[in-house]
Amino acid sequence: MPPKSEDRVAAQLRLFEAISATTPDFHYVFDLLGRVVYANRRLLEVWGMSLEHAVGKSLYELGYPSGMPTCI
């Protein structure tokens, strides 16, 4: 019996988290309004905060200078 769609999605999320948690690089995802949707463990360590604290905030709200160039 093939795995359920929900099981495949959960497996993909675990794989993504395992990959992004073990890299020294910063991984982050913003929504269309420039608010954090995801940040990996390494970036959260540098920011000194939890994912729950970062999600939904803009870079400005996270303490980045307003004149700082961003990729978004």
# chains A, B, ... in the order shown; residues from 1 in each chain; ligands from 1

call {"tool": "residues_around", "arguments": {"residues": "range 22-28 of chain A", "least_positions_apart": "3", "cutoff": "9 Å", "atoms": "only C-alpha atoms", "output": "PyMOL selection string"}}
result
chain A and resi 17-19+36-44

call {"tool": "residues_around", "arguments": {"residues": "Gly34 in chain A", "least_positions_apart": "2", "cutoff": "9 Å", "atoms": "only C-alpha atoms", "output": "CSV table (one decimal) with C-alpha atoms, in the first residue's frame"}}
result
chain,number,residue,atom,x,y,z
A,29,VAL,CA,12.1,31.8,3.8
A,30,PHE,CA,10.0,35.0,3.7
A,31,ASP,CA,6.4,35.4,2.7
A,32,LEU,CA,5.3,37.9,0.0
A,36,VAL,CA,9.9,35.3,8.2
A,37,VAL,CA,8.2,32.0,7.6
A,56,GLY,CA,5.8,36.6,11.3
A,57,LYS,CA,8.4,39.4,11.7
A,58,SER,CA,10.2,41.5,9.2
A,59,LEU,CA,13.9,41.9,9.2
A,72,ILE,CA,13.7,40.8,-0.9

call {"tool": "select_by_dssp", "arguments": {"residues": "chain A", "states": "alpha helix (DSSP H)", "output": "PDB file with N, CA, C and O atoms, in the first residue's frame"}}
result
ATOM      1  N   SER A   5      -0.590  10.734   1.355  1.00  0.00           N
ATOM      2  CA  SER A   5      -0.058  12.041   0.972  1.00  0.00           C
ATOM      3  C   SER A   5       0.499  12.776   2.187  1.00  0.00           C
ATOM      4  O   SER A   5       1.568  13.376   2.124  1.00  0.00           O
ATOM      5  N   GLU A   6      -0.215  12.718   3.311  1.00  0.00           N
ATOM      6  CA  GLU A   6       0.232  13.406   4.532  1.00  0.00           C
ATOM      7  C   GLU A   6       1.549  12.823   5.037  1.00  0.00           C
ATOM      8  O   GLU A   6       2.412  13.543   5.536  1.00  0.00           O
ATOM      9  N   ASP A   7       1.698  11.502   4.903  1.00  0.00           N
ATOM     10  CA  ASP A   7       2.937  10.853   5.333  1.00  0.00           C
ATOM     11  C   ASP A   7       4.114  11.275   4.462  1.00  0.00           C
ATOM     12  O   ASP A   7       5.218  11.495   4.967  1.00  0.00           O
ATOM     13  N   ARG A   8       3.879  11.410   3.153  1.00  0.00           N
ATOM     14  CA  ARG A   8       4.949  11.857   2.253  1.00  0.00           C
ATOM     15  C   ARG A   8       5.359  13.289   2.568  1.00  0.00           C
ATOM     16  O   ARG A   8       6.543  13.620   2.571  1.00  0.00           O
ATOM     17  N   VAL A   9       4.384  14.145   2.838  1.00  0.00           N
ATOM     18  CA  VAL A   9       4.686  15.539   3.177  1.00  0.00           C
ATOM     19  C   VAL A   9       5.465  15.600   4.489  1.00  0.00           C
ATOM     20  O   VAL A   9       6.459  16.316   4.594  1.00  0.00           O
ATOM     21  N   ALA A  10       5.052  14.830   5.477  1.00  0.00           N
ATOM     22  CA  ALA A  10       5.752  14.819   6.763  1.00  0.00           C
ATOM     23  C   ALA A  10       7.187  14.328   6.590  1.00  0.00           C
ATOM     24  O   ALA A  10       8.115  14.877   7.192  1.00  0.00           O
ATOM     25  N   ALA A  11       7.388  13.312   5.749  1.00  0.00           N
ATOM     26  CA  ALA A  11       8.734  12.797   5.504  1.00  0.00           C
ATOM     27  C   ALA A  11       9.591  13.851   4.805  1.00  0.00           C
ATOM     28  O   ALA A  11      10.770  14.022   5.128  1.00  0.00           O
ATOM     29  N   GLN A  12       9.021  14.566   3.862  1.00  0.00           N
ATOM     30  CA  GLN A  12       9.758  15.620   3.169  1.00  0.00           C
ATOM     31  C   GLN A  12      10.130  16.747   4.132  1.00  0.00           C
ATOM     32  O   GLN A  12      11.240  17.284   4.063  1.00  0.00           O
ATOM     33  N   LEU A  13       9.227  17.106   5.018  1.00  0.00           N
ATOM     34  CA  LEU A  13       9.528  18.152   6.003  1.00  0.00           C
ATOM     35  C   LEU A  13      10.646  17.720   6.941  1.00  0.00           C
ATOM     36  O   LEU A  13      11.522  18.518   7.277  1.00  0.00           O
ATOM     37  N   ARG A  14      10.633  16.461   7.367  1.00  0.00           N
ATOM     38  CA  ARG A  14      11.712  15.969   8.234  1.00  0.00           C
ATOM     39  C   ARG A  14      13.046  15.995   7.498  1.00  0.00           C
ATOM     40  O   ARG A  14      14.068  16.383   8.071  1.00  0.00           O
ATOM     41  N   LEU A  15      13.042  15.608   6.241  1.00  0.00           N
ATOM     42  CA  LEU A  15      14.272  15.635   5.453  1.00  0.00           C
ATOM     43  C   LEU A  15      14.781  17.061   5.278  1.00  0.00           C
ATOM     44  O   LEU A  15      15.975  17.332   5.463  1.00  0.00           O
ATOM     45  N   PHE A  16      13.896  17.984   4.939  1.00  0.00           N
ATOM     46  CA  PHE A  16      14.288  19.388   4.795  1.00  0.00           C
ATOM     47  C   PHE A  16      14.875  19.915   6.092  1.00  0.00           C
ATOM     48  O   PHE A  16      15.920  20.573   6.093  1.00  0.00           O
ATOM     49  N   GLU A  17      14.234  19.634   7.213  1.00  0.00           N
ATOM     50  CA  GLU A  17      14.727  20.113   8.504  1.00  0.00           C
ATOM     51  C   GLU A  17      16.081  19.492   8.830  1.00  0.00           C
ATOM     52  O   GLU A  17      16.980  20.175   9.328  1.00  0.00           O
ATOM     53  N   ALA A  18      16.264  18.218   8.543  1.00  0.00           N
ATOM     54  CA  ALA A  18      17.548  17.558   8.813  1.00  0.00           C
ATOM     55  C   ALA A  18      18.662  18.191   7.994  1.00  0.00           C
ATOM     56  O   ALA A  18      19.757  18.422   8.498  1.00  0.00           O
ATOM     57  N   ILE A  19      18.379  18.480   6.725  1.00  0.00           N
ATOM     58  CA  ILE A  19      19.391  19.100   5.864  1.00  0.00           C
ATOM     59  C   ILE A  19      19.696  20.520   6.324  1.00  0.00           C
ATOM     60  O   ILE A  19      20.852  20.908   6.480  1.00  0.00           O
ATOM     61  N   SER A  20      18.680  21.321   6.555  1.00  0.00           N
ATOM     62  CA  SER A  20      18.915  22.722   6.899  1.00  0.00           C
ATOM     63  C   SER A  20      19.469  22.887   8.315  1.00  0.00           C
ATOM     64  O   SER A  20      20.137  23.876   8.601  1.00  0.00           O
ATOM     65  N   ALA A  21      19.234  21.918   9.188  1.00  0.00           N
ATOM     66  CA  ALA A  21      19.733  22.021  10.567  1.00  0.00           C
ATOM     67  C   ALA A  21      21.205  21.659  10.676  1.00  0.00           C
ATOM     68  O   ALA A  21      21.861  22.041  11.640  1.00  0.00           O
ATOM     69  N   ARG A  41      18.201  26.479  12.140  1.00  0.00           N
ATOM     70  CA  ARG A  41      18.775  26.531  13.488  1.00  0.00           C
ATOM     71  C   ARG A  41      20.006  27.433  13.554  1.00  0.00           C
ATOM     72  O   ARG A  41      20.187  28.194  14.495  1.00  0.00           O
ATOM     73  N   ARG A  42      20.882  27.363  12.548  1.00  0.00           N
ATOM     74  CA  ARG A  42      22.113  28.174  12.546  1.00  0.00           C
ATOM     75  C   ARG A  42      21.806  29.667  12.551  1.00  0.00           C
ATOM     76  O   ARG A  42      22.398  30.434  13.297  1.00  0.00           O
ATOM     77  N   LEU A  43      20.864  30.089  11.720  1.00  0.00           N
ATOM     78  CA  LEU A  43      20.488  31.498  11.685  1.00  0.00           C
ATOM     79  C   LEU A  43      19.828  31.922  12.993  1.00  0.00           C
ATOM     80  O   LEU A  43      20.115  32.992  13.524  1.00  0.00           O
ATOM     81  N   LEU A  44      18.997  31.066  13.550  1.00  0.00           N
ATOM     82  CA  LEU A  44      18.354  31.390  14.824  1.00  0.00           C
ATOM     83  C   LEU A  44      19.380  31.529  15.939  1.00  0.00           C
ATOM     84  O   LEU A  44      19.227  32.376  16.826  1.00  0.00           O
ATOM     85  N   GLU A  45      20.438  30.717  15.895  1.00  0.00           N
ATOM     86  CA  GLU A  45      21.518  30.846  16.884  1.00  0.00           C
ATOM     87  C   GLU A  45      22.177  32.215  16.776  1.00  0.00           C
ATOM     88  O   GLU A  45      22.451  32.865  17.788  1.00  0.00           O
ATOM     89  N   VAL A  46      22.451  32.656  15.552  1.00  0.00           N
ATOM     90  CA  VAL A  46      23.074  33.971  15.348  1.00  0.00           C
ATOM     91  C   VAL A  46      22.126  35.069  15.812  1.00  0.00           C
ATOM     92  O   VAL A  46      22.549  36.039  16.443  1.00  0.00           O
ATOM     93  N   TRP A  47      20.851  34.934  15.494  1.00  0.00           N
ATOM     94  CA  TRP A  47      19.862  35.919  15.935  1.00  0.00           C
ATOM     95  C   TRP A  47      19.628  35.857  17.439  1.00  0.00           C
ATOM     96  O   TRP A  47      19.148  36.806  18.033  1.00  0.00           O
ATOM     97  N   LEU A  51      12.496  30.031  16.708  1.00  0.00           N
ATOM     98  CA  LEU A  51      11.714  30.154  15.487  1.00  0.00           C
ATOM     99  C   LEU A  51      10.362  30.801  15.792  1.00  0.00           C
ATOM    100  O   LEU A  51       9.893  31.646  15.036  1.00  0.00           O
ATOM    101  N   GLU A  52       9.776  30.440  16.901  1.00  0.00           N
ATOM    102  CA  GLU A  52       8.484  31.011  17.280  1.00  0.00           C
ATOM    103  C   GLU A  52       8.558  32.524  17.424  1.00  0.00           C
ATOM    104  O   GLU A  52       7.613  33.234  17.103  1.00  0.00           O
ATOM    105  N   HIS A  53       9.689  33.026  17.894  1.00  0.00           N
ATOM    106  CA  HIS A  53       9.872  34.472  18.052  1.00  0.00           C
ATOM    107  C   HIS A  53      10.068  35.164  16.706  1.00  0.00           C
ATOM    108  O   HIS A  53       9.619  36.287  16.505  1.00  0.00           O
ATOM    109  N   ALA A  54      10.732  34.492  15.764  1.00  0.00           N
ATOM    110  CA  ALA A  54      11.066  35.106  14.480  1.00  0.00           C
ATOM    111  C   ALA A  54       9.924  35.065  13.470  1.00  0.00           C
ATOM    112  O   ALA A  54       9.764  35.994  12.674  1.00  0.00           O
TER     113      ALA A  54
END

call {"tool": "select_by_dssp", "arguments": {"residues": "chain A", "states": "strand (DSSP E)", "output": "PyMOL selection string"}}
result
chain A and resi 28-30+36-39
